[in-house]
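Heads up: the structure comes next, in structure tokens.
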Amino acid sequence: MNFAAQLFYSSYLSERLERLYSPRPALKDSEENDPFWQREELRLGPNQPGGSYKCGPVSNGTAGRRPTLIEPERLKDFGEEELLNGDVKVFDTKMVGGPEIMLMEPPKTRRVSEFRIVPKPQYLRFEDISAAAFRIQTEIQKTPCTYSRLSKQYGMEIYLKKEHLHYTGSVKERGALYLLTSLTQEQQRKGVIVATDCNFSMAVAHHAVELKIPVFVIMPSCCSSPRLRIYRDYGAMVISYGSTGHDSQNHARHLAKENGYLYLEEDESAAYLAGLGTVGMEIYEQVSKLDAVIVPAAGQYGLLAGTAAAMKHLNSQILIIGIEPEGFPLLLQSLKTDSPVKDIHSNPNKKLYGDLMESSLGVNTFQLAKKLVDKVISVSEEDCLVAMLRFQEFERSTVDTEGAMGLAAILAGQLPELRGKKVAVVVSSANMELELVRQCVDRALVLDDRVSKFSVQLGEWPGDMAKLLDVLSREDVRLLDVCHRRQSDKADLFKAKVECVVETRDKTQSAQLRKTLSERYPSICWLDR
């Protein structure tokens, strides 16, 4: 430390000690009310006499009256120094200008609660589906998901999830069973009641009896006797009431209100959707490296929503494709309007789409489908009938229209992006009366160009009819029906009109038959069935 710095430091300490231990002089009357910053002793500066220690007397290292502020000329005493032979070297400090730095505004004060991320409640969680799978695993069989013989024909690996093999022939057993097991003991003790003849009612009737829950089924009088016998064989109490399904539903609600029964109907309850969603878990376990899943719009669209929720949680890259009938495109219309549509003015075939006609799209189911389903397409009635025929021929199984919708979309060529991919198709149900199955097969053969009807004029000479039958025999076709009529027109005397219904193996054989008969019989007329 140089001499000037030592002198200043000793002067500063002496002054501080003197002020600390010396008694404070009494203030004058004029100074009592003056603020301390206006007093003379604190306003000494370099411009006042005695303001600088150089102007005042110095004795024993102390200065006279001096300011507390540091004067500009004394700043050199605090510069950087080097000790060279006792000489003091002073360096000047310069500020080098640089780019202007913009200071950011301080962050706003936020409450701790604002930093907490509050998750939005989900209507259907994967944990609910897992709980449903664990609960129903002892009562519901794990249906197979097998490789289809139709795979090579349509250029993709098709795996059929055969949910129609359940005891009641429908996938709705999963949702109905988990819904019944979720009831309170008081509700199970009083019993449940269902109405109308549908897959859901059959599933509830069967599993309620298995769980020893009293169950009542209200059926309209138009229900066939074989269907009523099925419910009674399950062990349910069957009551016939009203002429329509609405009459039986109203009566069921009335009985439930009077007797304390729980009226169950197919809806979008969380328990029902979670039970249906277990299909997706099984498909993921049974088929590895899956690319897409095709799901029909069954169970109030709960099967589609539940399966999508499970599959997307396990693998978000798997495509979920929903299928619904062309005559009742409820989900497609809802997606266009961005809200669930309650009613569509259409006239689909009630015999073929009995269960789907009672369907309605709820808000929660619509939101799940909108978020999780990648594509929704509609299929025609004709495509569904042909798909039913393919099931009987290649899979040796009989399914209803609802169960055949997934395969119908592939047959119709509406999913070309799935060629070469691994695809799972959910076959949801197989509940159709025998007479209706026969009618559907006959109609499907016609739509597939396998059954043809034609009329031809023949002479009444012996052997003309035999020649026609010989041509059909050489073409290896099956004669289903023949009708021989004599012409009543005077211009066609001595001629007869013959109508034949024949069945061929495929479209190729049908085209060959038409060519052969047209060349031999120019008057042939092909009729529409």
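We name chains A, B, ... following the order of the structure tokens; residues begin at 1 in each chain, and ligands are numbered from 1 as shown.
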Which residues are close to Ser452 (chain A), i.e. within 12 Å by only C-alpha atoms, leaving aside same-chain residues fewer than 5 positions away? Reply as a PDB file with N, CA and C atoms, in the first residue's frame.
ATOM      1  N   ASP A 442     -79.789 -67.198 -50.884  1.00  0.00           N
ATOM      2  CA  ASP A 442     -80.329 -67.192 -52.252  1.00  0.00           C
ATOM      3  C   ASP A 442     -80.085 -65.847 -52.927  1.00  0.00           C
ATOM      4  N   ARG A 443     -80.295 -64.791 -52.200  1.00  0.00           N
ATOM      5  CA  ARG A 443     -80.082 -63.467 -52.774  1.00  0.00           C
ATOM      6  C   ARG A 443     -78.591 -63.206 -53.038  1.00  0.00           C
ATOM      7  N   ALA A 444     -77.739 -63.689 -52.177  1.00  0.00           N
ATOM      8  CA  ALA A 444     -76.304 -63.490 -52.354  1.00  0.00           C
ATOM      9  C   ALA A 444     -75.783 -64.231 -53.580  1.00  0.00           C
ATOM     10  N   LEU A 445     -76.330 -65.409 -53.860  1.00  0.00           N
ATOM     11  CA  LEU A 445     -75.911 -66.154 -55.062  1.00  0.00           C
ATOM     12  C   LEU A 445     -76.250 -65.391 -56.333  1.00  0.00           C
ATOM     13  N   VAL A 446     -77.388 -64.723 -56.327  1.00  0.00           N
ATOM     14  CA  VAL A 446     -77.768 -63.914 -57.483  1.00  0.00           C
ATOM     15  C   VAL A 446     -76.843 -62.707 -57.613  1.00  0.00           C
ATOM     16  N   LEU A 447     -76.566 -62.041 -56.498  1.00  0.00           N
ATOM     17  CA  LEU A 447     -75.697 -60.863 -56.535  1.00  0.00           C
ATOM     18  C   LEU A 447     -74.277 -61.220 -56.944  1.00  0.00           C
ATOM     19  N   VAL A 477     -73.424 -77.141 -65.156  1.00  0.00           N
ATOM     20  CA  VAL A 477     -74.179 -76.226 -64.296  1.00  0.00           C
ATOM     21  C   VAL A 477     -75.281 -77.013 -63.601  1.00  0.00           C
ATOM     22  N   ARG A 478     -75.764 -76.421 -62.525  1.00  0.00           N
ATOM     23  CA  ARG A 478     -76.804 -77.067 -61.720  1.00  0.00           C
ATOM     24  C   ARG A 478     -78.149 -76.432 -62.033  1.00  0.00           C
ATOM     25  N   LEU A 479     -79.116 -77.275 -62.438  1.00  0.00           N
ATOM     26  CA  LEU A 479     -80.454 -76.803 -62.761  1.00  0.00           C
ATOM     27  C   LEU A 479     -81.291 -76.751 -61.477  1.00  0.00           C
ATOM     28  N   LEU A 480     -81.687 -75.543 -61.098  1.00  0.00           N
ATOM     29  CA  LEU A 480     -82.449 -75.376 -59.865  1.00  0.00           C
ATOM     30  C   LEU A 480     -83.956 -75.427 -60.103  1.00  0.00           C
ATOM     31  N   ASP A 481     -84.407 -74.893 -61.226  1.00  0.00           N
ATOM     32  CA  ASP A 481     -85.846 -74.857 -61.487  1.00  0.00           C
ATOM     33  C   ASP A 481     -86.068 -74.768 -62.990  1.00  0.00           C
ATOM     34  N   VAL A 482     -87.151 -75.364 -63.455  1.00  0.00           N
ATOM     35  CA  VAL A 482     -87.516 -75.304 -64.866  1.00  0.00           C
ATOM     36  C   VAL A 482     -89.032 -75.204 -64.973  1.00  0.00           C
ATOM     37  N   GLU A 499     -88.539 -71.599 -69.049  1.00  0.00           N
ATOM     38  CA  GLU A 499     -87.796 -70.745 -68.118  1.00  0.00           C
ATOM     39  C   GLU A 499     -86.965 -71.643 -67.200  1.00  0.00           C
ATOM     40  N   CYS A 500     -85.695 -71.337 -67.096  1.00  0.00           N
ATOM     41  CA  CYS A 500     -84.777 -72.143 -66.286  1.00  0.00           C
ATOM     42  C   CYS A 500     -84.027 -71.259 -65.286  1.00  0.00           C
ATOM     43  N   VAL A 501     -83.766 -71.830 -64.131  1.00  0.00           N
ATOM     44  CA  VAL A 501     -82.936 -71.188 -63.103  1.00  0.00           C
ATOM     45  C   VAL A 501     -81.755 -72.111 -62.866  1.00  0.00           C
ATOM     46  N   VAL A 502     -80.550 -71.603 -63.115  1.00  0.00           N
ATOM     47  CA  VAL A 502     -79.357 -72.430 -63.013  1.00  0.00           C
ATOM     48  C   VAL A 502     -78.356 -71.774 -62.073  1.00  0.00           C
ATOM     49  N   GLU A 503     -77.471 -72.616 -61.515  1.00  0.00           N
ATOM     50  CA  GLU A 503     -76.434 -72.140 -60.599  1.00  0.00           C
ATOM     51  C   GLU A 503     -75.068 -72.545 -61.142  1.00  0.00           C
ATOM     52  N   THR A 504     -74.140 -71.586 -61.154  1.00  0.00           N
ATOM     53  CA  THR A 504     -72.785 -71.832 -61.634  1.00  0.00           C
ATOM     54  C   THR A 504     -71.797 -71.729 -60.474  1.00  0.00           C
ATOM     55  N   ARG A 505     -70.547 -72.130 -60.741  1.00  0.00           N
ATOM     56  CA  ARG A 505     -69.532 -72.099 -59.688  1.00  0.00           C
ATOM     57  C   ARG A 505     -69.077 -70.683 -59.378  1.00  0.00           C
ATOM     58  N   ASP A 506     -68.888 -69.880 -60.426  1.00  0.00           N
ATOM     59  CA  ASP A 506     -68.370 -68.531 -60.230  1.00  0.00           C
ATOM     60  C   ASP A 506     -68.773 -67.674 -61.423  1.00  0.00           C
ATOM     61  N   LYS A 507     -68.243 -66.450 -61.464  1.00  0.00           N
ATOM     62  CA  LYS A 507     -68.593 -65.520 -62.537  1.00  0.00           C
ATOM     63  C   LYS A 507     -68.039 -65.976 -63.878  1.00  0.00           C
ATOM     64  N   GLN A 509     -67.641 -69.102 -65.040  1.00  0.00           N
ATOM     65  CA  GLN A 509     -68.501 -70.130 -65.613  1.00  0.00           C
ATOM     66  C   GLN A 509     -69.831 -69.536 -66.055  1.00  0.00           C
ATOM     67  N   SER A 510     -70.327 -68.549 -65.309  1.00  0.00           N
ATOM     68  CA  SER A 510     -71.584 -67.911 -65.699  1.00  0.00           C
ATOM     69  C   SER A 510     -71.445 -67.185 -67.032  1.00  0.00           C
ATOM     70  N   ALA A 511     -70.322 -66.512 -67.246  1.00  0.00           N
ATOM     71  CA  ALA A 511     -70.100 -65.815 -68.520  1.00  0.00           C
ATOM     72  C   ALA A 511     -69.979 -66.805 -69.678  1.00  0.00           C
ATOM     73  N   LEU A 513     -71.410 -69.778 -69.857  1.00  0.00           N
ATOM     74  CA  LEU A 513     -72.745 -70.318 -70.115  1.00  0.00           C
ATOM     75  C   LEU A 513     -73.564 -69.350 -70.947  1.00  0.00           C
ATOM     76  N   ARG A 514     -73.498 -68.068 -70.631  1.00  0.00           N
ATOM     77  CA  ARG A 514     -74.256 -67.075 -71.407  1.00  0.00           C
ATOM     78  C   ARG A 514     -73.796 -67.055 -72.873  1.00  0.00           C
ATOM     79  N   CYS A 525     -83.524 -65.011 -73.559  1.00  0.00           N
ATOM     80  CA  CYS A 525     -83.724 -63.762 -72.822  1.00  0.00           C
ATOM     81  C   CYS A 525     -83.329 -63.999 -71.362  1.00  0.00           C
ATOM     82  N   TRP A 526     -82.333 -63.232 -70.893  1.00  0.00           N
ATOM     83  CA  TRP A 526     -81.881 -63.374 -69.518  1.00  0.00           C
ATOM     84  C   TRP A 526     -82.731 -62.495 -68.612  1.00  0.00           C
ATOM     85  N   LEU A 527     -83.206 -63.079 -67.541  1.00  0.00           N
ATOM     86  CA  LEU A 527     -84.145 -62.401 -66.651  1.00  0.00           C
ATOM     87  C   LEU A 527     -83.462 -62.062 -65.329  1.00  0.00           C
ATOM     88  N   ASP A 528     -83.926 -60.979 -64.725  1.00  0.00           N
ATOM     89  CA  ASP A 528     -83.447 -60.585 -63.403  1.00  0.00           C
ATOM     90  C   ASP A 528     -84.300 -61.252 -62.336  1.00  0.00           C
ATOM     91  N   ARG A 529     -83.632 -61.741 -61.316  1.00  0.00           N
ATOM     92  CA  ARG A 529     -84.366 -62.410 -60.248  1.00  0.00           C
ATOM     93  C   ARG A 529     -84.743 -61.398 -59.168  1.00  0.00           C
TER      94      ARG A 529
END
Exercise for review: Find the residue from A:Leu468, A:Ala256, A:Leu303, A:Leu211 that sits nearest to Leu273 (chain A); use only C-alpha atoms when measuring.
Suggested key: A:Leu303
Quick one: residues within 9 Å of Met202 (chain A), only C-alpha atoms counted, chain neighbours fewer than 4 positions away excluded, as a compact mmCIF listing (two decimals) with N, CA and C atoms, in the first residue's frame?
# COMPACT_ATOMS: atom_id res chain seq x y z
N THR A 168 -74.13 -66.98 -26.49
CA THR A 168 -75.34 -66.38 -27.07
C THR A 168 -75.12 -65.90 -28.49
N SER A 170 -72.93 -63.58 -29.67
CA SER A 170 -72.74 -62.14 -29.84
C SER A 170 -71.62 -61.64 -28.94
N LYS A 172 -71.71 -58.94 -27.42
CA LYS A 172 -72.30 -58.14 -26.35
C LYS A 172 -72.32 -58.85 -25.01
N GLU A 173 -71.97 -60.12 -25.01
CA GLU A 173 -71.83 -60.81 -23.73
C GLU A 173 -70.77 -60.16 -22.86
N ASP A 197 -86.35 -58.08 -28.43
CA ASP A 197 -85.55 -59.24 -28.81
C ASP A 197 -84.29 -58.75 -29.54
N CYS A 198 -83.16 -58.78 -28.86
CA CYS A 198 -81.90 -58.32 -29.46
C CYS A 198 -80.75 -59.07 -28.79
N HIS A 206 -78.87 -64.51 -20.21
CA HIS A 206 -78.00 -65.66 -19.93
C HIS A 206 -77.11 -65.42 -18.71
N HIS A 207 -76.41 -64.32 -18.67
CA HIS A 207 -75.44 -64.11 -17.60
C HIS A 207 -76.11 -63.71 -16.28
N ILE A 230 -85.61 -69.71 -26.66
CA ILE A 230 -84.20 -69.51 -26.28
C ILE A 230 -84.10 -68.78 -24.94
N TYR A 231 -84.89 -67.72 -24.76
CA TYR A 231 -84.86 -66.99 -23.49
C TYR A 231 -85.31 -67.87 -22.33
N TYR A 234 -82.63 -70.20 -21.24
CA TYR A 234 -81.61 -69.54 -20.42
C TYR A 234 -82.02 -69.50 -18.94
Check your understanding: Pick from A:Met432, A:Met156, A:Val238, A:Ala310: nearest to Asp291 (chain A), with only C-alpha atoms counted?
Key ->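 Smallest separation from Asp291 (chain A) among the options: A:Met156.
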Practice item. May I have the residues within 10 Å of Gly362 (chain A) as a list of chain:residue names, using only C-alpha atoms and disregarding those fewer than 3 positions away in the same chain? Key: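 Surrounding residues, per the criterion: A:Asp267, A:Glu268, A:Ser269, A:Gln300, A:Tyr301, A:Gly302, A:Ser339, A:Pro340, A:Val341, A:Lys342, A:Ser359, A:Thr365, A:Phe366, A:Gln367.
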Once you have the residues from the selection above, write them out as a compact mmCIF listing (two decimals), in the first residue's frame, restricted to N, CA and C atoms.
# COMPACT_ATOMS: atom_id res chain seq x y z
N ASP A 267 -76.63 -48.97 -23.73
CA ASP A 267 -76.30 -47.55 -23.70
C ASP A 267 -74.78 -47.40 -23.75
N GLU A 268 -74.29 -46.23 -23.36
CA GLU A 268 -72.86 -45.94 -23.40
C GLU A 268 -72.27 -45.81 -22.00
N SER A 269 -72.78 -46.63 -21.07
CA SER A 269 -72.23 -46.60 -19.72
C SER A 269 -70.77 -47.07 -19.74
N GLN A 300 -74.36 -50.10 -29.95
CA GLN A 300 -74.49 -48.65 -29.83
C GLN A 300 -73.15 -47.98 -30.11
N TYR A 301 -72.40 -48.54 -31.04
CA TYR A 301 -71.06 -48.07 -31.39
C TYR A 301 -70.08 -48.22 -30.22
N GLY A 302 -70.50 -48.93 -29.19
CA GLY A 302 -69.61 -49.17 -28.05
C GLY A 302 -68.48 -50.12 -28.37
N SER A 339 -71.20 -33.35 -34.30
CA SER A 339 -72.04 -33.57 -33.12
C SER A 339 -72.86 -34.83 -33.36
N PRO A 340 -73.18 -35.59 -32.31
CA PRO A 340 -73.94 -36.83 -32.50
C PRO A 340 -75.32 -36.58 -33.06
N VAL A 341 -75.64 -37.26 -34.15
CA VAL A 341 -76.95 -37.15 -34.78
C VAL A 341 -77.89 -38.15 -34.13
N LYS A 342 -79.06 -37.69 -33.77
CA LYS A 342 -80.01 -38.55 -33.07
C LYS A 342 -80.86 -39.39 -34.01
N SER A 359 -80.04 -48.53 -32.68
CA SER A 359 -78.82 -47.89 -32.19
C SER A 359 -78.99 -46.39 -32.11
N THR A 365 -69.57 -41.70 -26.54
CA THR A 365 -69.14 -42.64 -27.58
C THR A 365 -68.70 -41.88 -28.83
N PHE A 366 -69.42 -40.82 -29.16
CA PHE A 366 -69.03 -40.02 -30.33
C PHE A 366 -67.67 -39.37 -30.13
N GLN A 367 -67.41 -38.84 -28.94
CA GLN A 367 -66.12 -38.21 -28.69
C GLN A 367 -64.98 -39.22 -28.76
**Study point:** Exercise: region 312-328 of chain A partners within 7 Å, only C-alpha atoms, chain neighbours under 4 positions left out, as an NGL selection string
**Key:** :A and (126 or 290-297 or 304 or 308 or 346-348 or 373-380 or 405-406)
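Across the model, the gap from CA of Val215 (chain A) to CA of Ala236 (chain A) is 5.6 Å.
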Practice item. Go through A:Leu160, A:Leu262, A:Cys440, A:Ala409 one by one, measure the shortest atom-to-atom distance of each to Val192 (chain A) using only C-alpha atoms, and give the residue with the smallest value. Key: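 Counting only C-alpha atoms, the residue closest to Val192 (chain A) is A:Leu262.
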Check your understanding: Which residues, written as a list in words, have at least one atom at most 8 Å from Leu330 (chain A), with only C-alpha atoms counted and residues fewer than 4 positions away on the same chain left out?
Key -> Glu324, Ser334, Val341, Asp343, Ile344, Ser360 and Leu361 of chain A
Since we have the selection now, will you write its residues out, keeping N, CA, C and O atoms, as a PDB file, in the first residue's frame?
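Once written, part.pdb looks like this:
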ATOM      1  N   GLU A 324     -70.194 -49.233 -40.925  1.00  0.00           N
ATOM      2  CA  GLU A 324     -71.622 -49.135 -40.623  1.00  0.00           C
ATOM      3  C   GLU A 324     -72.431 -49.308 -41.905  1.00  0.00           C
ATOM      4  O   GLU A 324     -71.894 -49.143 -43.011  1.00  0.00           O
ATOM      5  N   SER A 334     -72.684 -37.877 -38.173  1.00  0.00           N
ATOM      6  CA  SER A 334     -72.295 -37.174 -36.954  1.00  0.00           C
ATOM      7  C   SER A 334     -70.925 -36.526 -37.106  1.00  0.00           C
ATOM      8  O   SER A 334     -70.691 -35.414 -36.619  1.00  0.00           O
ATOM      9  N   VAL A 341     -75.641 -37.259 -34.149  1.00  0.00           N
ATOM     10  CA  VAL A 341     -76.949 -37.154 -34.785  1.00  0.00           C
ATOM     11  C   VAL A 341     -77.889 -38.151 -34.130  1.00  0.00           C
ATOM     12  O   VAL A 341     -77.551 -39.327 -33.945  1.00  0.00           O
ATOM     13  N   ASP A 343     -81.157 -38.867 -35.192  1.00  0.00           N
ATOM     14  CA  ASP A 343     -82.058 -39.595 -36.084  1.00  0.00           C
ATOM     15  C   ASP A 343     -81.662 -39.314 -37.531  1.00  0.00           C
ATOM     16  O   ASP A 343     -81.217 -38.211 -37.872  1.00  0.00           O
ATOM     17  N   ILE A 344     -81.803 -40.312 -38.363  1.00  0.00           N
ATOM     18  CA  ILE A 344     -81.525 -40.194 -39.795  1.00  0.00           C
ATOM     19  C   ILE A 344     -82.767 -40.657 -40.545  1.00  0.00           C
ATOM     20  O   ILE A 344     -83.321 -41.719 -40.260  1.00  0.00           O
ATOM     21  N   SER A 360     -78.255 -45.805 -31.207  1.00  0.00           N
ATOM     22  CA  SER A 360     -78.161 -44.355 -31.080  1.00  0.00           C
ATOM     23  C   SER A 360     -76.739 -44.023 -30.670  1.00  0.00           C
ATOM     24  O   SER A 360     -76.080 -44.803 -29.986  1.00  0.00           O
ATOM     25  N   LEU A 361     -76.268 -42.886 -31.089  1.00  0.00           N
ATOM     26  CA  LEU A 361     -74.891 -42.474 -30.837  1.00  0.00           C
ATOM     27  C   LEU A 361     -74.879 -41.461 -29.700  1.00  0.00           C
ATOM     28  O   LEU A 361     -75.395 -40.350 -29.842  1.00  0.00           O
TER      29      LEU A 361
END
Point to revise | Residue neighbourhood Val456 (chain A), 6 Å, only C-alpha atoms, exclusion window fewer than 6 positions, as a list in words | key: Lys497, Val498 and Ile524 of chain A
Check your understanding: For Gln187 (chain A), which of A:Ile213, A:Trp461, A:Gly413, A:Lys350 is the closest residue, counting only C-alpha atoms?
Key ->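 Using only C-alpha atoms, Gln187 (chain A) sits closest to A:Ile213.
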Check your understanding: DSSP on the backbone: what in region 355-406 of chain A comes out strand (DSSP E), as a PyMOL selection string?
Key -> chain A and resi 375-379
Given the selection you just returned, output its residues as a file containing N, CA and C atoms, formatted as a compact mmCIF listing (two decimals), in the first residue's frame.
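Contents of result_8.txt, freshly written:
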# COMPACT_ATOMS: atom_id res chain seq x y z
N LYS A 375 -60.80 -44.07 -39.58
CA LYS A 375 -61.57 -44.02 -40.81
C LYS A 375 -62.91 -44.71 -40.58
N VAL A 376 -63.97 -44.15 -41.17
CA VAL A 376 -65.31 -44.73 -41.08
C VAL A 376 -65.86 -44.83 -42.49
N ILE A 377 -66.32 -46.02 -42.87
CA ILE A 377 -66.89 -46.23 -44.20
C ILE A 377 -68.22 -46.97 -44.04
N SER A 378 -69.04 -46.88 -45.07
CA SER A 378 -70.34 -47.56 -45.07
C SER A 378 -70.35 -48.61 -46.17
N VAL A 379 -71.07 -49.69 -45.91
CA VAL A 379 -71.16 -50.80 -46.87
C VAL A 379 -72.62 -51.01 -47.22
Review point. So which one's closest to Val171 (chain A), A:Phe216, A:Tyr261, A:Phe494, A:Phe200? Using only C-alpha atoms, please.
Key: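 Residue with the minimum atom-to-atom distance to Val171 (chain A): A:Phe200.
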Review point. What separation in Å, quoted to one decimal, exists between CA of Ala496 (chain A) and CA of Lys515 (chain A)?
Key: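 Distance between the two atoms: 22.2 Å.
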Using only C-alpha atoms, find each residue of region 245-310 of chain A with at least one atom at most 8 Å away from an atom of region 134-151 of chain A; report its shortest atom-to-atom pair and that distance in Å (one decimal), sort the rows by chain and rising residue number, and return the result as JSON lines.
{"residue": "A:Glu282", "atom": "CA", "partner": "A:Lys142", "partner_atom": "CA", "distance": 7.6}
{"residue": "A:Ile283", "atom": "CA", "partner": "A:Cys145", "partner_atom": "CA", "distance": 7.0}
{"residue": "A:Gln286", "atom": "CA", "partner": "A:Cys145", "partner_atom": "CA", "distance": 6.7}
{"residue": "A:Val287", "atom": "CA", "partner": "A:Cys145", "partner_atom": "CA", "distance": 7.6}
Write the residues of the preceding selection, restricted to all heavy atoms, as an mmCIF file, in the first residue's frame.
data_model
loop_
_atom_site.group_PDB
_atom_site.id
_atom_site.type_symbol
_atom_site.label_atom_id
_atom_site.label_comp_id
_atom_site.auth_asym_id
_atom_site.auth_seq_id
_atom_site.Cartn_x
_atom_site.Cartn_y
_atom_site.Cartn_z
ATOM 1 N N GLU A 282 -57.565 -58.615 -26.437
ATOM 2 C CA GLU A 282 -57.324 -59.984 -26.902
ATOM 3 C C GLU A 282 -56.722 -59.997 -28.303
ATOM 4 O O GLU A 282 -55.827 -60.798 -28.591
ATOM 5 C CB GLU A 282 -58.631 -60.772 -26.876
ATOM 6 C CG GLU A 282 -59.130 -61.099 -25.473
ATOM 7 C CD GLU A 282 -60.298 -62.051 -25.495
ATOM 8 O OE1 GLU A 282 -60.650 -62.543 -26.590
ATOM 9 O OE2 GLU A 282 -60.869 -62.302 -24.411
ATOM 10 N N ILE A 283 -57.193 -59.122 -29.180
ATOM 11 C CA ILE A 283 -56.632 -59.078 -30.534
ATOM 12 C C ILE A 283 -55.153 -58.720 -30.483
ATOM 13 O O ILE A 283 -54.323 -59.307 -31.200
ATOM 14 C CB ILE A 283 -57.406 -58.062 -31.400
ATOM 15 C CG1 ILE A 283 -58.836 -58.541 -31.614
ATOM 16 C CG2 ILE A 283 -56.717 -57.850 -32.744
ATOM 17 C CD1 ILE A 283 -59.701 -57.548 -32.376
ATOM 18 N N GLN A 286 -53.197 -61.757 -29.480
ATOM 19 C CA GLN A 286 -53.249 -62.909 -30.365
ATOM 20 C C GLN A 286 -52.541 -62.691 -31.700
ATOM 21 O O GLN A 286 -52.049 -63.650 -32.288
ATOM 22 C CB GLN A 286 -54.719 -63.293 -30.618
ATOM 23 C CG GLN A 286 -55.422 -63.820 -29.376
ATOM 24 C CD GLN A 286 -56.919 -63.962 -29.594
ATOM 25 O OE1 GLN A 286 -57.539 -63.181 -30.304
ATOM 26 N NE2 GLN A 286 -57.511 -64.977 -28.984
ATOM 27 N N VAL A 287 -52.509 -61.459 -32.195
ATOM 28 C CA VAL A 287 -51.910 -61.169 -33.499
ATOM 29 C C VAL A 287 -50.806 -60.135 -33.296
ATOM 30 O O VAL A 287 -51.064 -59.022 -32.855
ATOM 31 C CB VAL A 287 -52.956 -60.640 -34.499
ATOM 32 C CG1 VAL A 287 -52.312 -60.438 -35.870
ATOM 33 C CG2 VAL A 287 -54.132 -61.584 -34.596
#
**Study point:** Best match for closeness to Val217 (chain A) among A:Ser473, A:Ser523, A:Gln249, A:Gln188, counting only C-alpha atoms
**Key:**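 Of the candidates, the smallest distance to Val217 (chain A) is held by A:Gln249.
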Review point. Region 279-386 of chain A: which residues are alpha helix (DSSP H) by DSSP, as a PyMOL selection string?
Key: chain A and resi 279-286+302-314+330-337+354-357+363-372+381-386
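Rounded to one decimal, CA of Ser428 (chain A) and CA of Ala404 (chain A) lie 8.1 Å from each other.
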